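What follows is a short report on a single structure.
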Amino acid sequence: MSKVRLLVGTRKGAFILTSDGKRDTWEISGPHFAGWEIYHMKGSPVNPERIYASQTSGWFGQVMQRSDDGGKTWEAVGNRFAYEGEAGTHQWYDGTPHPWEFKRVWHLEPSLAEAETVYAGAEDAALFKSTDGGQNWAELSGLRGHGTGPKWQPGAGGMCLHTVILDPKDTQRIYIAISAAGAFRTDDGGATWKPINKGLRSQYIPDPNAEVGHCVHHIAMHEKRPGVLFMQKHWDVMRSDDAGENWTEVSGNLPTDFGFVIDVHAHEPETLYVVPIKSDSEHFPMDGALRVYRSKTGGNEWEALTKGLPQKDCYVNVLRDAMAVDRMDECGVYFGTTGGQVYASPDGGESWNAIVRDLPAVLSVEVQTLP
Amino acid sequence: MVRVEMPQHLRTLAGVSAEVTVEVAGVVSIRTVLDALEALYPMLEGTIRDHGSLQRRAFLRFFVCEEDWSHEPMEKPLPEVIAAGKEPLLIIGAIAGGC
């Protein structure tokens, strides 16, 4: 029988949660790297036993970890992230130029074809690539060197490159997103990049329709339809049917269109999940009720999924990389909260159970579907 | 041999359970001790001092014979009791709050 393995990054360590195909009982191992912030862990699609982890600390900086046995043991690999050439400046919060400074890795995206190749999205925003299992990292500097770079500004959480999506049908195409610069795409393996923000509208920035400057929170794609993208922006849920060239709003009947996570059902490319959050000044669900919203129509028409989720006195947040879906016949959906709960739905969102309730604040959730 | 005490997180990262000893050729300074420490435990590179600038990370401190040497030049020779291994060089995490 197949099994699933959840990779949960938290403020104080990593946890690995495993279950068989029924997904009703779970084993929990951890904390790994106790006391460190684990921004993200992700397994290689080529070799699922190969897992990469970003381990960071305000005291000790960035450490990168790699496991070759599914997370039982780990090896520290390279942590030297140097900006290519002259680092240059981006805009600071007050509009003045500020030098680019490496702070941490937010997101790891292993290659779809090579277990030794992995991409790292960093703060301050840059994309790095390793082709030797994480020992050495080189910046794909065409992104940061894009002409708009000096105009990029940090979001409230820092100027982070938090989303990396590899096109399964075109090895040269990569999508990334930066808070608060926007979304970008390369069609030549990372040498050159273009902003793909047309149709995004962000109130309160000087030009609401600007080429860059949009606070994109997360982007999701179904592997069978790599040209269709879904985005949770700071405000607004958006979709693009032409690889990001144009975006249209699909917030529809959501009670609030602010949020962080967005994901797509493993087998239904038009079925989406978001967790609406009240506002940017109140990072918790509306009315103290934790509700996942699902659209089976690619957006616009949304239904609340509440069975098994707390419907009163719940004031947690769900951060941008903290939702994932498995590939079991009946798609499982998972998300983690800043209150330390990890919720699982083995039936596509119809019902939910807390696998664990008292972890440190959850920063990221990834899932591996294993034979 | 120079004795070095590190914070628990760095001991865990390096896979050591107590203070470590390093051999330093020539002048014994914080810089040469860290060079020797990182050569022995490469996973510590970047965690005590910045990769590029080799400056001390902001929330770490160096203590020598009960004195704070964090703001002393890294090249300044350490006292003989440190060089001779009678007293350890302490690397400690600053008591600086956090969450």
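Residues in the structure tokens are named by chain (A, B, ... in the order shown) and by number from 1 within that chain; ligands are numbered from 1 in the order shown.
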
Per residue of chain B within 9 Å of chain A, record the nearest atom pair and its distance in Å to one decimal, counting only C-alpha atoms, with rows in chain order and ascending residue number, as JSON lines.
{"residue": "B:His9", "atom": "CA", "partner": "A:Gly35", "partner_atom": "CA", "distance": 7.9}
{"residue": "B:Leu10", "atom": "CA", "partner": "A:Phe60", "partner_atom": "CA", "distance": 8.1}
{"residue": "B:Thr12", "atom": "CA", "partner": "A:Phe33", "partner_atom": "CA", "distance": 8.5}
{"residue": "B:Leu13", "atom": "CA", "partner": "A:Ala76", "partner_atom": "CA", "distance": 7.8}
{"residue": "B:Met43", "atom": "CA", "partner": "A:Ala76", "partner_atom": "CA", "distance": 6.0}
{"residue": "B:Leu44", "atom": "CA", "partner": "A:Val63", "partner_atom": "CA", "distance": 8.7}
{"residue": "B:Glu45", "atom": "CA", "partner": "A:Asn79", "partner_atom": "CA", "distance": 7.9}
{"residue": "B:Gly46", "atom": "CA", "partner": "A:Gly61", "partner_atom": "CA", "distance": 7.0}
{"residue": "B:Thr47", "atom": "CA", "partner": "A:Phe60", "partner_atom": "CA", "distance": 4.4}
{"residue": "B:Ile48", "atom": "CA", "partner": "A:Phe60", "partner_atom": "CA", "distance": 6.2}
{"residue": "B:Arg49", "atom": "CA", "partner": "A:Phe60", "partner_atom": "CA", "distance": 8.5}
{"residue": "B:Asp50", "atom": "CA", "partner": "A:Gly61", "partner_atom": "CA", "distance": 8.5}
{"residue": "B:His51", "atom": "CA", "partner": "A:Arg80", "partner_atom": "CA", "distance": 6.6}
{"residue": "B:Gly52", "atom": "CA", "partner": "A:Ala82", "partner_atom": "CA", "distance": 7.9}
{"residue": "B:Arg57", "atom": "CA", "partner": "A:Phe60", "partner_atom": "CA", "distance": 7.1}
{"residue": "B:Ala58", "atom": "CA", "partner": "A:Trp59", "partner_atom": "CA", "distance": 7.2}
{"residue": "B:Phe59", "atom": "CA", "partner": "A:Trp59", "partner_atom": "CA", "distance": 5.1}
{"residue": "B:Leu60", "atom": "CA", "partner": "A:Trp59", "partner_atom": "CA", "distance": 6.5}
{"residue": "B:Gly93", "atom": "CA", "partner": "A:Trp59", "partner_atom": "CA", "distance": 6.7}
{"residue": "B:Ala94", "atom": "CA", "partner": "A:Trp59", "partner_atom": "CA", "distance": 8.0}
{"residue": "B:Gly98", "atom": "CA", "partner": "A:Gly58", "partner_atom": "CA", "distance": 8.2}
{"residue": "B:Cys99", "atom": "CA", "partner": "A:Arg11", "partner_atom": "CA", "distance": 8.7}

Residues of the last selection are to be written out with N, CA and C atoms, as a compact mmCIF listing (two decimals), in the first residue's frame.
# COMPACT_ATOMS: atom_id res chain seq x y z
N HIS B 9 23.78 24.73 20.04
CA HIS B 9 23.35 24.53 18.65
C HIS B 9 24.53 24.26 17.72
N LEU B 10 25.65 24.92 17.98
CA LEU B 10 26.80 24.69 17.11
C LEU B 10 27.49 23.37 17.45
N THR B 12 25.85 20.72 18.35
CA THR B 12 25.00 19.74 17.67
C THR B 12 25.30 19.70 16.18
N LEU B 13 25.43 20.89 15.59
CA LEU B 13 25.70 20.96 14.16
C LEU B 13 27.03 20.29 13.81
N MET B 43 31.13 22.38 8.54
CA MET B 43 29.71 22.76 8.64
C MET B 43 29.51 24.02 9.50
N LEU B 44 30.55 24.45 10.20
CA LEU B 44 30.44 25.67 11.01
C LEU B 44 30.72 26.94 10.20
N GLU B 45 31.22 26.76 8.98
CA GLU B 45 31.49 27.95 8.16
C GLU B 45 30.20 28.75 7.97
N GLY B 46 30.29 30.03 8.17
CA GLY B 46 29.13 30.89 7.99
C GLY B 46 28.23 31.01 9.21
N THR B 47 28.47 30.19 10.23
CA THR B 47 27.58 30.22 11.40
C THR B 47 28.14 31.08 12.53
N ILE B 48 29.45 31.29 12.55
CA ILE B 48 30.08 32.11 13.60
C ILE B 48 30.47 33.47 13.03
N ARG B 49 30.95 33.44 11.79
CA ARG B 49 31.30 34.68 11.09
C ARG B 49 30.79 34.59 9.67
N ASP B 50 30.53 35.74 9.11
CA ASP B 50 29.97 35.82 7.77
C ASP B 50 30.94 35.23 6.75
N HIS B 51 30.38 34.50 5.77
CA HIS B 51 31.22 33.87 4.74
C HIS B 51 32.14 34.87 4.05
N GLY B 52 31.54 35.97 3.60
CA GLY B 52 32.30 36.89 2.75
C GLY B 52 33.21 37.80 3.54
N ARG B 57 29.20 37.15 13.51
CA ARG B 57 27.77 37.31 13.39
C ARG B 57 27.25 38.12 14.57
N ALA B 58 26.23 38.91 14.32
CA ALA B 58 25.84 39.96 15.27
C ALA B 58 25.48 39.41 16.65
N PHE B 59 24.86 38.24 16.70
CA PHE B 59 24.37 37.76 18.00
C PHE B 59 25.25 36.67 18.59
N LEU B 60 26.52 36.70 18.24
CA LEU B 60 27.50 35.83 18.90
C LEU B 60 28.53 36.71 19.61
N GLY B 93 26.22 32.49 22.48
CA GLY B 93 25.10 33.20 21.88
C GLY B 93 24.73 34.37 22.78
N ALA B 94 24.56 35.55 22.16
CA ALA B 94 24.21 36.72 22.95
C ALA B 94 22.87 36.49 23.65
N GLY B 98 14.58 37.25 21.44
CA GLY B 98 14.15 36.40 20.33
C GLY B 98 12.84 35.71 20.69
N CYS B 99 12.43 34.82 19.81
CA CYS B 99 11.15 34.15 20.07
C CYS B 99 11.25 32.69 19.70

Residues within 9 Å of region 242-244 of chain A, only C-alpha atoms, excluding chain neighbours under 2 positions, as a list in words: Tyr175, Ala183, Phe184, Arg185, Pro195, Ile196, Asn197, Lys198, Pro226, Gly227, Val228, Leu229, Arg239, Ser240, Asn246 and Trp247 of chain A

Write out as a JSON list (two decimals) with N, CA and C atoms, in the first residue's frame which residues come within 10 Å of His162 (chain A) when counting only C-alpha atoms, dropping same-chain ones fewer than 2 positions away.
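As written to disk, part.json reads:
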[["chain", "number", "residue", "atom", "x", "y", "z"],
["A", 39, "TYR", "N", 12.56, 26.78, 7.47],
["A", 39, "TYR", "CA", 11.65, 27.48, 6.56],
["A", 39, "TYR", "C", 11.00, 26.53, 5.57],
["A", 40, "HIS", "N", 11.75, 25.52, 5.13],
["A", 40, "HIS", "CA", 11.17, 24.66, 4.09],
["A", 40, "HIS", "C", 11.96, 23.36, 3.99],
["A", 105, "VAL", "N", 17.17, 31.20, 3.26],
["A", 105, "VAL", "CA", 16.49, 30.51, 2.17],
["A", 105, "VAL", "C", 15.06, 30.20, 2.59],
["A", 106, "TRP", "N", 14.12, 30.68, 1.79],
["A", 106, "TRP", "CA", 12.70, 30.48, 2.10],
["A", 106, "TRP", "C", 12.14, 29.21, 1.48],
["A", 107, "HIS", "N", 12.63, 28.86, 0.31],
["A", 107, "HIS", "CA", 11.98, 27.79, -0.44],
["A", 107, "HIS", "C", 13.02, 26.98, -1.20],
["A", 108, "LEU", "N", 12.84, 25.67, -1.18],
["A", 108, "LEU", "CA", 13.72, 24.76, -1.92],
["A", 108, "LEU", "C", 12.89, 24.01, -2.95],
["A", 120, "ALA", "N", 17.05, 27.23, -4.85],
["A", 120, "ALA", "CA", 16.78, 27.84, -3.55],
["A", 120, "ALA", "C", 16.33, 29.27, -3.75],
["A", 121, "GLY", "N", 15.16, 29.61, -3.22],
["A", 121, "GLY", "CA", 14.67, 30.97, -3.25],
["A", 121, "GLY", "C", 15.07, 31.68, -1.98],
["A", 122, "ALA", "N", 15.72, 32.83, -2.12],
["A", 122, "ALA", "CA", 16.37, 33.47, -0.97],
["A", 122, "ALA", "C", 15.74, 34.83, -0.64],
["A", 123, "GLU", "N", 16.01, 35.28, 0.55],
["A", 123, "GLU", "CA", 15.82, 36.66, 1.01],
["A", 123, "GLU", "C", 17.22, 37.20, 1.29],
["A", 125, "ALA", "N", 15.75, 38.84, -2.20],
["A", 125, "ALA", "CA", 15.28, 38.04, -3.32],
["A", 125, "ALA", "C", 16.34, 37.70, -4.34],
["A", 126, "ALA", "N", 16.57, 36.40, -4.49],
["A", 126, "ALA", "CA", 17.45, 35.88, -5.52],
["A", 126, "ALA", "C", 17.17, 34.40, -5.63],
["A", 127, "LEU", "N", 17.50, 33.86, -6.81],
["A", 127, "LEU", "CA", 17.33, 32.43, -7.04],
["A", 127, "LEU", "C", 18.71, 31.80, -7.21],
["A", 159, "MET", "N", 12.13, 40.78, 1.89],
["A", 159, "MET", "CA", 12.07, 40.69, 0.43],
["A", 159, "MET", "C", 12.47, 39.28, 0.01],
["A", 160, "CYS", "N", 11.47, 38.41, 0.07],
["A", 160, "CYS", "CA", 11.75, 36.98, -0.06],
["A", 160, "CYS", "C", 11.30, 36.43, -1.40],
["A", 164, "VAL", "N", 8.91, 28.83, -6.19],
["A", 164, "VAL", "CA", 9.66, 28.37, -7.37],
["A", 164, "VAL", "C", 8.87, 27.22, -7.98],
["A", 176, "ILE", "N", 8.80, 32.12, -10.73],
["A", 176, "ILE", "CA", 9.13, 32.45, -9.33],
["A", 176, "ILE", "C", 8.25, 33.61, -8.89],
["A", 177, "ALA", "N", 8.15, 33.79, -7.58],
["A", 177, "ALA", "CA", 7.42, 34.95, -7.06],
["A", 177, "ALA", "C", 8.18, 35.52, -5.88],
["A", 178, "ILE", "N", 8.11, 36.85, -5.80],
["A", 178, "ILE", "CA", 8.83, 37.61, -4.79],
["A", 178, "ILE", "C", 7.86, 38.56, -4.10],
["A", 179, "SER", "N", 7.95, 38.61, -2.79],
["A", 179, "SER", "CA", 7.18, 39.58, -2.03],
["A", 179, "SER", "C", 8.13, 40.73, -1.68],
["A", 216, "VAL", "N", 2.85, 39.32, -4.20],
["A", 216, "VAL", "CA", 2.35, 37.98, -4.51],
["A", 216, "VAL", "C", 2.67, 37.08, -3.32],
["A", 217, "HIS", "N", 1.68, 36.38, -2.79],
["A", 217, "HIS", "CA", 1.91, 35.54, -1.62],
["A", 217, "HIS", "C", 2.25, 34.10, -2.01],
["A", 218, "HIS", "N", 1.62, 33.57, -3.04],
["A", 218, "HIS", "CA", 1.94, 32.20, -3.43],
["A", 218, "HIS", "C", 1.32, 31.93, -4.79],
["A", 219, "ILE", "N", 1.93, 30.99, -5.53],
["A", 219, "ILE", "CA", 1.40, 30.57, -6.83],
["A", 219, "ILE", "C", 1.36, 29.05, -6.84],
["A", 320, "ARG", "N", 2.37, 30.95, 3.75],
["A", 320, "ARG", "CA", 2.28, 30.74, 2.28],
["A", 320, "ARG", "C", 2.74, 29.37, 1.80],
["A", 321, "ASP", "N", 3.69, 28.75, 2.49],
["A", 321, "ASP", "CA", 4.17, 27.45, 2.02],
["A", 321, "ASP", "C", 3.62, 26.31, 2.87]]

Measuring atom to atom with only C-alpha atoms, identify which of B:Pro79, B:Pro73, B:Pro42, B:Pro88 is nearest to Glu19 (chain B).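 Checking each of B:Pro79, B:Pro73, B:Pro42, B:Pro88 against Glu19 (chain B), counting only C-alpha atoms, the winner is B:Pro88.
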
Neighbour list for His90 (chain A) as a PyMOL selection string, cut-off 7 Å, only C-alpha atoms, skip fewer than 4 positions in-chain: chain A and resi 97-100+149-153

Find the spatial neighbours of region 358-360 of chain A, counting only C-alpha atoms, within a cut-off of 12 Å - ignore same-chain residues fewer than 4 positions away - and output them as number ranges by chain. A: 8-17, 28-31, 34-38, 336-343, 354, 364; B: 99

For Ser2 (chain A): contacts at 12 Å, only C-alpha atoms, fewer than 6 positions along chain excluded, given as a PDB file with C-alpha atoms, in the first residue's frame:
ATOM      1  CA  THR A  18       4.143   9.420   8.131  1.00  0.00           C
ATOM      2  CA  SER A  19       1.019   7.395   7.508  1.00  0.00           C
ATOM      3  CA  ASP A  20      -0.212   4.569   5.330  1.00  0.00           C
ATOM      4  CA  GLY A  21      -2.670   5.120   2.503  1.00  0.00           C
ATOM      5  CA  LYS A  22      -5.629   5.406   4.853  1.00  0.00           C
ATOM      6  CA  ARG A  23      -4.085   8.481   6.431  1.00  0.00           C
ATOM      7  CA  ASP A 326      -0.815  14.246  -1.968  1.00  0.00           C
ATOM      8  CA  ARG A 327      -1.299  12.054  -5.053  1.00  0.00           C
ATOM      9  CA  MET A 328      -3.294   9.233  -3.548  1.00  0.00           C
ATOM     10  CA  ASP A 329      -6.341   8.113  -5.551  1.00  0.00           C
ATOM     11  CA  GLN A 368       5.491  12.998  -0.508  1.00  0.00           C
ATOM     12  CA  THR A 369       3.379  10.152  -1.888  1.00  0.00           C
ATOM     13  CA  LEU A 370       5.507   7.030  -1.613  1.00  0.00           C
ATOM     14  CA  PRO A 371       5.119   3.530  -3.059  1.00  0.00           C
TER      15      PRO A 371
END

At a cut-off of 12 Å, using only C-alpha atoms, what residues contact Gly26 (chain B)? Leave out same-chain residues fewer than 4 positions from it and give the result as a PDB file with C-alpha atoms, in the first residue's frame.
ATOM      1  CA  MET B   1      46.116  22.917  21.524  1.00  0.00           C
ATOM      2  CA  ARG B  31      40.786  34.627  13.583  1.00  0.00           C
ATOM      3  CA  THR B  32      43.341  31.790  13.503  1.00  0.00           C
ATOM      4  CA  VAL B  33      41.359  29.771  16.036  1.00  0.00           C
ATOM      5  CA  ALA B  36      41.341  26.018  12.502  1.00  0.00           C
ATOM      6  CA  GLU B  75      43.912  39.371  14.668  1.00  0.00           C
ATOM      7  CA  PRO B  77      46.917  37.698  19.886  1.00  0.00           C
ATOM      8  CA  LEU B  78      45.046  35.818  22.583  1.00  0.00           C
ATOM      9  CA  ALA B  83      47.166  29.596  23.515  1.00  0.00           C
TER      10      ALA B  83
END

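Using only C-alpha atoms for every distance, the candidate list B:Ile82, B:Met6, B:Cys65, B:Leu40 yields B:Ile82 as the residue closest to Val28 (chain B).
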
Can you list, as a list in words, every residue of region 13-262 of chain A that DSSP puts in alpha helix (DSSP H)?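 Everything in region 13-262 of chain A that counts as alpha helix (DSSP H) is Ser141, Gly142, Leu143 and Arg144 of chain A.
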
Would you export the selected residues with C-alpha atoms as a JSON list (two decimals), in the first residue's frame, please?
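Generated output (again25.json):
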[["chain", "number", "residue", "atom", "x", "y", "z"],
["A", 141, "SER", "CA", 21.64, 36.45, -11.56],
["A", 142, "GLY", "CA", 19.60, 37.29, -14.62],
["A", 143, "LEU", "CA", 16.60, 37.52, -12.31],
["A", 144, "ARG", "CA", 18.04, 40.01, -9.85]]

To one decimal place in Å, what is the distance between CA of Asn209 (chain A) and CA of Phe258 (chain A)? 18.2 Å
